[in-house]
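Dropping run.cif in here (mmCIF, C-alpha atoms and all ligand atoms):
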```cif
data_run
#
loop_
_atom_site.label_atom_id
_atom_site.label_comp_id
_atom_site.auth_asym_id
_atom_site.auth_seq_id
_atom_site.Cartn_x
_atom_site.Cartn_y
_atom_site.Cartn_z
CA MET A 1232 0.00 0.00 0.00
CA SER A 1233 1.55 3.28 -1.04
CA LEU A 1234 1.59 6.12 1.44
CA ASN A 1235 -0.94 7.90 -0.69
CA HIS A 1236 -3.51 5.09 -0.46
CA GLN A 1237 -2.89 4.71 3.25
CA LYS A 1238 -3.41 8.38 3.83
CA ILE A 1239 -6.56 8.42 1.73
CA GLN A 1240 -7.93 5.42 3.63
CA GLU A 1241 -7.32 7.15 6.93
CA GLU A 1242 -9.26 10.10 5.57
CA LEU A 1243 -12.00 7.76 4.37
CA LEU A 1244 -12.38 6.32 7.85
CA ASP A 1245 -12.87 9.78 9.33
CA ILE A 1246 -15.33 10.63 6.56
CA TYR A 1247 -17.26 7.39 7.11
CA TYR A 1248 -17.65 8.19 10.80
CA GLY A 1249 -18.72 11.77 10.13
CA GLU A 1250 -15.59 13.55 11.33
CA LYS A 1251 -14.64 14.96 7.93
CA HIS A 1252 -16.38 15.88 4.70
CA MET A 1253 -15.84 14.08 1.44
CA THR A 1254 -13.65 16.23 -0.76
CA GLU A 1255 -13.64 16.29 -4.54
CA GLU A 1256 -10.06 15.00 -4.57
CA ILE A 1257 -10.97 11.92 -2.53
CA ARG A 1258 -14.11 11.29 -4.54
CA ILE A 1259 -12.08 11.23 -7.74
CA HIS A 1260 -9.53 8.93 -6.13
CA LEU A 1261 -12.31 6.54 -5.03
CA ASP A 1262 -13.62 6.35 -8.58
CA THR A 1263 -10.25 5.46 -10.00
CA CYS A 1264 -8.60 3.37 -7.26
CA SER A 1265 -10.05 -0.09 -6.70
CA GLU A 1266 -8.03 -0.61 -3.52
CA CYS A 1267 -9.51 2.41 -1.78
CA ALA A 1268 -12.97 1.71 -3.21
CA THR A 1269 -12.81 -1.78 -1.65
CA TYR A 1270 -11.74 -0.24 1.63
CA TRP A 1271 -14.72 2.13 1.53
CA LYS A 1272 -17.10 -0.81 0.94
CA GLU A 1273 -15.43 -2.81 3.71
CA LEU A 1274 -16.24 -0.10 6.21
CA ASP A 1275 -19.89 -0.65 5.41
CA VAL A 1276 -19.57 -4.43 5.68
CA LEU A 1277 -17.85 -3.98 9.01
CA LYS A 1278 -20.60 -1.76 10.35
CA ASN A 1279 -23.21 -4.32 9.29
CA ARG A 1280 -21.32 -7.21 10.88
CA MET A 1281 -20.89 -5.33 14.12
CA SER A 1282 -24.59 -4.52 14.25
CA ALA A 1283 -25.05 -8.15 15.38
CA TYR A 1284 -23.87 -6.97 18.78
CA ASP A 1285 -26.53 -4.29 18.94
CA ARG A 1286 -29.28 -6.24 20.64
CA GLU A 1287 -32.60 -5.02 21.96
CA VAL A 1288 -32.39 -4.20 25.67
CA GLU A 1289 -35.17 -5.18 28.03
CA ILE A 1290 -35.71 -3.04 31.11
CA ASP A 1291 -35.06 -4.88 34.36
CA GLU A 1292 -37.05 -3.08 37.06
CA ARG A 1293 -35.14 -5.02 39.74
CA ILE A 1294 -31.90 -3.29 38.78
CA ILE A 1295 -33.58 0.11 39.08
CA GLY A 1296 -35.19 -0.84 42.39
CA ARG A 1297 -31.93 -2.15 43.82
CA ALA A 1298 -30.11 1.00 42.68
CA PHE A 1299 -32.56 3.18 44.59
CA SER A 1300 -32.43 1.10 47.77
CA LYS A 1301 -28.64 0.98 47.68
CA SER A 1302 -28.54 4.78 47.24
CA ASN A 1303 -30.88 5.18 50.20
CA ILE A 1304 -28.67 2.97 52.37
CA ILE A 1305 -25.58 4.97 51.40
CA VAL A 1306 -27.34 8.30 52.10
CA GLU A 1307 -28.54 6.95 55.48
CA ARG A 1308 -25.07 5.68 56.34
CA LYS A 1309 -23.53 9.05 55.48
CA LYS A 1310 -26.10 10.80 57.66
CA ASN A 1311 -25.37 8.49 60.58
CA LEU A 1312 -21.66 9.08 60.20
CA LYS A 1313 -22.25 12.84 60.20
CA ASP A 1314 -24.37 12.58 63.37
CA LEU A 1315 -21.69 10.50 65.06
CA LEU A 1316 -19.05 13.05 64.13
CA VAL A 1317 -21.13 15.95 65.50
CA PHE A 1318 -21.75 13.99 68.72
CA ALA A 1319 -18.03 13.25 69.11
CA ILE A 1320 -17.08 16.91 68.59
CA ILE A 1321 -19.69 18.25 71.05
CA SER A 1322 -18.78 15.72 73.75
CA SER A 1323 -15.05 16.42 73.34
CA LEU A 1324 -15.74 20.15 73.66
CA LEU A 1325 -17.82 19.61 76.83
CA LEU A 1326 -15.14 17.37 78.28
CA ALA A 1327 -12.47 19.93 77.49
CA LEU A 1328 -14.56 22.66 79.10
CA LEU A 1329 -15.00 20.57 82.25
CA GLY A 1330 -11.28 19.81 82.33
CA LEU A 1331 -10.51 23.50 82.01
CA LEU A 1332 -12.91 24.39 84.83
CA ILE A 1333 -11.37 21.73 87.10
CA TYR A 1334 -7.89 22.94 86.18
CA MET A 1335 -8.90 26.48 87.08
CA GLY A 1336 -9.95 25.27 90.51
CA TYR A 1337 -13.71 25.05 90.04
CA GLY A 1338 -13.73 21.27 90.59
CA LYS A 1339 -15.93 21.48 93.66
CA SER A 1340 -18.51 23.66 91.93
CA VAL A 1341 -18.56 21.33 88.92
CA ILE A 1342 -19.36 18.36 91.17
CA ILE A 1343 -22.12 20.31 92.96
CA VAL A 1344 -23.70 21.37 89.63
CA GLN A 1345 -23.57 17.77 88.45
CA ILE A 1346 -25.27 16.49 91.62
CA ILE A 1347 -28.02 19.13 91.27
CA LEU A 1348 -28.54 18.16 87.61
CA MET A 1349 -28.69 14.43 88.46
CA VAL A 1350 -31.33 15.07 91.10
CA CYS A 1351 -33.37 17.71 89.29
CA VAL A 1352 -33.55 16.30 85.74
CA PRO A 1353 -35.49 13.14 86.79
CA LEU A 1354 -37.89 15.39 88.70
CA LEU A 1355 -38.67 17.15 85.43
CA ILE A 1356 -39.79 13.94 83.73
CA PRO A 1357 -43.44 14.04 84.96
CA PHE A 1358 -43.74 17.60 83.62
CA MET A 1359 -42.25 16.58 80.30
CA ILE A 1360 -44.67 13.66 80.02
CA ARG A 1361 -47.58 16.00 80.83
CA GLN A 1362 -46.39 18.44 78.16
CA ARG A 1363 -46.21 15.67 75.56
CA LEU A 1364 -49.65 14.35 76.45
CA MET A 1365 -51.12 17.82 76.15
CA GLU A 1366 -49.49 18.26 72.75
CA GLU A 1367 -50.88 14.93 71.58
CA GLU A 1368 -54.40 15.94 72.66
CA TYR A 1369 -54.25 18.87 70.26
CA MET B 1346 -39.80 9.35 42.74
CA LYS B 1347 -39.92 11.62 45.78
CA ASP B 1348 -40.44 8.72 48.17
CA ARG B 1349 -37.77 6.64 46.51
CA ILE B 1350 -35.00 9.00 47.49
CA PRO B 1351 -35.29 11.84 49.94
CA GLN B 1352 -33.32 15.09 50.26
CA VAL B 1353 -33.36 16.16 46.63
CA LYS B 1354 -34.53 19.42 45.12
CA PRO B 1355 -37.32 19.50 42.49
CA VAL B 1356 -34.84 20.06 39.62
CA GLU B 1357 -32.84 17.07 40.76
CA ILE B 1358 -36.00 14.98 40.85
CA ILE B 1359 -36.51 15.75 37.16
CA TYR B 1360 -33.00 14.49 36.44
CA LEU B 1361 -33.60 11.42 38.59
CA ASP B 1362 -36.70 10.72 36.55
CA ASP B 1363 -34.61 11.01 33.42
CA ILE B 1364 -32.03 8.56 34.70
CA ILE B 1365 -34.52 5.75 34.79
CA LYS B 1366 -36.22 6.75 31.57
CA ASN B 1367 -36.18 3.85 29.15
CA ASP B 1368 -33.79 5.40 26.66
CA ASN B 1369 -31.11 6.18 29.20
CA TYR B 1370 -31.38 2.75 30.80
CA LYS B 1371 -31.09 1.10 27.41
CA ILE B 1372 -28.12 3.21 26.42
CA ILE B 1373 -26.17 2.37 29.60
CA TYR B 1374 -27.08 -1.30 29.48
CA GLY B 1375 -26.39 -1.67 25.77
CA TYR B 1376 -23.09 0.18 26.02
CA LEU B 1377 -21.90 -1.93 28.94
CA LEU B 1378 -23.01 -5.16 27.31
CA LYS B 1379 -20.98 -4.41 24.20
CA LEU B 1380 -18.05 -3.40 26.36
CA THR B 1381 -18.06 -6.27 28.84
CA MET B 1382 -19.56 -9.00 26.64
CA ASN B 1383 -20.89 -10.36 29.91
CA GLU B 1384 -24.52 -10.20 30.97
CA GLU B 1385 -24.00 -10.49 34.74
CA LEU B 1386 -21.25 -7.91 34.78
CA THR B 1387 -23.42 -5.59 32.70
CA LYS B 1388 -26.24 -5.84 35.25
CA ASP B 1389 -23.84 -5.16 38.13
CA ILE B 1390 -22.25 -2.11 36.52
CA THR B 1391 -25.59 -0.74 35.27
CA GLN B 1392 -26.82 -0.83 38.86
CA GLU B 1393 -23.63 0.85 40.07
CA VAL B 1394 -23.98 3.55 37.40
CA MET B 1395 -27.50 4.32 38.61
CA VAL B 1396 -26.40 4.41 42.25
CA LYS B 1397 -23.56 6.77 41.41
CA ALA B 1398 -25.83 8.94 39.27
CA ILE B 1399 -28.49 9.16 41.99
CA LEU B 1400 -25.92 10.06 44.65
CA ASN B 1401 -24.14 12.61 42.44
CA ILE B 1402 -27.17 14.10 40.72
CA LYS B 1403 -26.34 17.45 42.37
CA LYS B 1404 -23.09 17.57 40.39
CA PHE B 1405 -24.94 17.25 37.08
CA LYS B 1406 -25.72 20.78 35.90
CA GLY B 1407 -27.02 19.87 32.48
CA GLN B 1408 -23.72 20.83 30.80
CA SER B 1409 -23.98 17.78 28.55
CA LYS B 1410 -26.72 15.34 27.63
CA LEU B 1411 -27.71 13.19 30.60
CA SER B 1412 -26.97 10.05 28.59
CA THR B 1413 -23.44 11.33 27.92
CA TRP B 1414 -22.92 11.92 31.63
CA LEU B 1415 -24.19 8.40 32.38
CA ILE B 1416 -21.95 6.86 29.69
CA SER B 1417 -19.01 8.67 31.25
CA ILE B 1418 -19.86 7.21 34.69
CA ALA B 1419 -20.28 3.76 33.12
CA SER B 1420 -16.88 4.03 31.42
CA ASN B 1421 -15.17 4.99 34.66
CA LEU B 1422 -16.82 2.17 36.59
CA TYR B 1423 -15.84 -0.32 33.91
CA LYS B 1424 -12.25 0.94 34.01
CA ASP B 1425 -12.27 0.52 37.80
CA SER B 1426 -13.58 -3.01 37.52
CA ILE B 1427 -10.87 -3.87 35.00
CA ARG B 1428 -8.19 -2.38 37.26
CA LYS B 1429 -9.47 -4.37 40.20
CA ASN B 1430 -9.44 -7.40 37.91
CA LYS B 1431 -12.84 -8.26 39.25
CA TYR B 1432 -14.31 -9.45 36.01
CA THR B 1433 -13.49 -11.24 32.82
CA SER B 1434 -15.42 -11.07 29.61
CA SER B 1435 -17.50 -14.04 28.65
CA LEU B 1436 -20.51 -13.69 26.45
CA SER B 1437 -21.32 -16.70 24.38
CA VAL B 1438 -22.45 -16.15 20.83
CA GLU B 1439 -25.76 -17.83 21.71
CA GLU B 1440 -26.42 -15.10 24.26
CA LEU B 1441 -26.18 -12.49 21.57
CA SER B 1442 -29.39 -11.79 19.78
CA ILE B 1443 -28.18 -12.31 16.28
CA LYS B 1444 -30.43 -10.36 13.99
CA ASP B 1445 -32.77 -12.35 11.80
CA TYR B 1446 -30.82 -13.71 8.93
CA GLN B 1447 -32.49 -14.84 5.75
CA ASN B 1448 -31.35 -18.43 6.06
CA ILE B 1449 -29.70 -20.81 8.48
CA GLU B 1450 -26.53 -21.09 6.45
CA GLU B 1451 -25.96 -17.37 6.63
CA SER B 1452 -26.68 -17.41 10.34
CA VAL B 1453 -24.08 -20.16 10.88
CA ILE B 1454 -21.47 -18.21 8.92
CA ASN B 1455 -22.24 -15.10 10.89
CA LYS B 1456 -22.12 -16.87 14.23
CA ASP B 1457 -18.80 -18.33 13.24
CA THR B 1458 -17.47 -14.93 12.19
CA ILE B 1459 -18.72 -13.34 15.37
CA ARG B 1460 -17.18 -16.08 17.50
CA ARG B 1461 -13.85 -15.57 15.78
CA MET B 1462 -14.13 -11.79 16.07
CA GLU B 1463 -15.16 -11.98 19.68
CA SER B 1464 -12.15 -13.98 20.79
CA ILE B 1465 -9.82 -11.47 19.16
CA LEU B 1466 -11.77 -8.41 20.26
CA LYS B 1467 -11.57 -9.52 23.87
CA ASP B 1468 -7.79 -9.46 23.65
CA LEU B 1469 -7.73 -5.89 22.38
CA PRO B 1470 -7.27 -3.17 25.00
CA TYR B 1471 -10.55 -1.98 26.44
CA GLU B 1472 -9.73 1.70 25.82
CA LYS B 1473 -9.79 1.02 22.09
CA ARG B 1474 -13.02 -0.96 22.38
CA MET B 1475 -14.64 1.92 24.25
CA VAL B 1476 -13.79 4.39 21.49
CA PHE B 1477 -15.09 2.05 18.81
CA ILE B 1478 -18.37 1.37 20.63
CA LEU B 1479 -19.02 5.04 21.32
CA LYS B 1480 -18.33 5.92 17.69
CA ASN B 1481 -19.88 2.99 15.88
CA TYR B 1482 -23.07 2.49 17.89
CA TYR B 1483 -23.71 5.87 19.49
CA ASP B 1484 -22.29 8.27 16.89
CA TYR B 1485 -20.38 10.38 19.36
CA SER B 1486 -17.86 12.77 17.83
CA TYR B 1487 -14.13 12.47 18.56
CA GLU B 1488 -14.51 15.55 20.74
CA GLU B 1489 -17.34 14.08 22.81
CA ILE B 1490 -15.51 10.76 23.19
CA SER B 1491 -12.42 12.65 24.28
CA THR B 1492 -14.48 14.34 27.02
CA ILE B 1493 -16.18 11.11 28.09
CA LEU B 1494 -12.95 9.11 28.30
CA LYS B 1495 -10.74 12.05 29.32
CA SER B 1496 -8.28 11.34 26.50
CA PRO B 1497 -6.86 13.71 23.89
CA ILE B 1498 -8.73 13.84 20.55
CA GLY B 1499 -5.64 12.57 18.70
CA THR B 1500 -5.55 9.49 20.93
CA VAL B 1501 -9.25 8.88 20.38
CA ARG B 1502 -8.77 9.05 16.62
CA SER B 1503 -5.74 6.74 16.59
CA ARG B 1504 -7.55 4.23 18.82
CA LEU B 1505 -10.49 4.08 16.43
CA HIS B 1506 -8.16 3.68 13.45
CA TYR B 1507 -6.25 0.90 15.21
CA TYR B 1508 -9.44 -0.91 16.14
CA ILE B 1509 -10.90 -0.71 12.65
CA LYS B 1510 -7.64 -2.03 11.25
CA LYS B 1511 -7.87 -5.04 13.57
CA LEU B 1512 -11.52 -5.60 12.71
CA ARG B 1513 -10.79 -5.48 8.99
CA SER B 1514 -8.22 -8.23 9.39
CA LEU B 1515 -11.01 -10.40 10.85
CA ILE B 1516 -13.59 -10.08 8.11
ZN ZN A 1601 -6.16 4.37 -3.36
#
```
Translate the structure described by the file into structure tokens.
Amino acid sequence: MSLNHQKIQEELLDIYYGEKHMTEEIRIHLDTCSECATYWKELDVLKNRMSAYDREVEIDERIIGRAFSKSNIIVERKKNLKDLLVFAIISSLLLALLGLLIYMGYGKSVIIVQIILMVCVPLLIPFMIRQRLMEEEY
Amino acid sequence: MKDRIPQVKPVEIIYLDDIIKNDNYKIIYGYLLKLTMNEELTKDITQEVMVKAILNIKKFKGQSKLSTWLISIASNLYKDSIRKNKYTSSLSVEELSIKDYQNIEESVINKDTIRRMESILKDLPYEKRMVFILKNYYDYSYEEISTILKSPIGTVRSRLHYYIKKLRSLI
């Protein structure tokens, strides 16, 4: 194959696949050169042969369903991870604050506040239950 | 759609609807089937493509056609699966729906040709196969293929030329 034919055939391939336009020069060459004309026809044969692979696709609803449930699980997991991270940060901050207070000599006060909270919070429960019940009545 | 996946804006719901529209599903599935030549693998990756698309729908701003975006995701996932060596291609000729041929003899010849082609095609690098499939079956331009596969246009062109050369030696 001379360089000329090879070059023309490369052009022909781009033309066949719509990347370039057929020029007058190439058209004339195609009419006179059997080698390149065969190549041009072969591209068509090739396309036809390869169309055997282009089968009709049937929709599988299970794939779509599974994709949505998997996405939901991932979104949920991400949300849980975010919540855990926020919890870890807030508790570390509280712990650091307590440590700082104890370091500054407020240890005694911290313990007293904690005892008051431990005693008073359970006392609030009946009120909270009442509040909820009232809300539910509405 | 709204109850299928929460936390999405109305615009995103429209895109989500489009993802599962028949045409897009068929494009992804058909593309992956030609690429993998394996039905099971195609189902797996199609599902992964949809998961990825649903989760990343916020990143899709409509800059390209939705199908192009999905094809790009499918290509990346297939590349990943190849890298992880998770799958091998194996699609028997019988699994392919050979288009109705006029007579049995012709069908036998074609099956034989396809079988021969298939064994050689499988050995060709997948990057070249991707370019050929996108060009031959989906009519994407070199430029679009270059965006989808993140390869220079020159590389896309030379891959197609190489692939066609190999195919010609088979027929
Ligand atoms: Zn010539």
Surroundings of ligand ZN 1601 (chain A) up to 12 Å, based on all atoms listed in the file, as an MDAnalysis selection string: chainID A and resid 1232:1243 1256:1271
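Interatomic distance, CA of Met1475 in chain B to CA of Tyr1376 in chain B: 8.8 Å.
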CA of Ile1418 in chain B and CA of Phe1405 in chain B are how many Å apart? 11.5 Å
CA of Ile1372 in chain B and CA of Leu1515 in chain B are how many Å apart? 26.8 Å
Closest of B:Lys1473, B:Lys1495, B:Arg1513, B:Lys1429 to chain A, counting only C-alpha atoms, is B:Arg1513
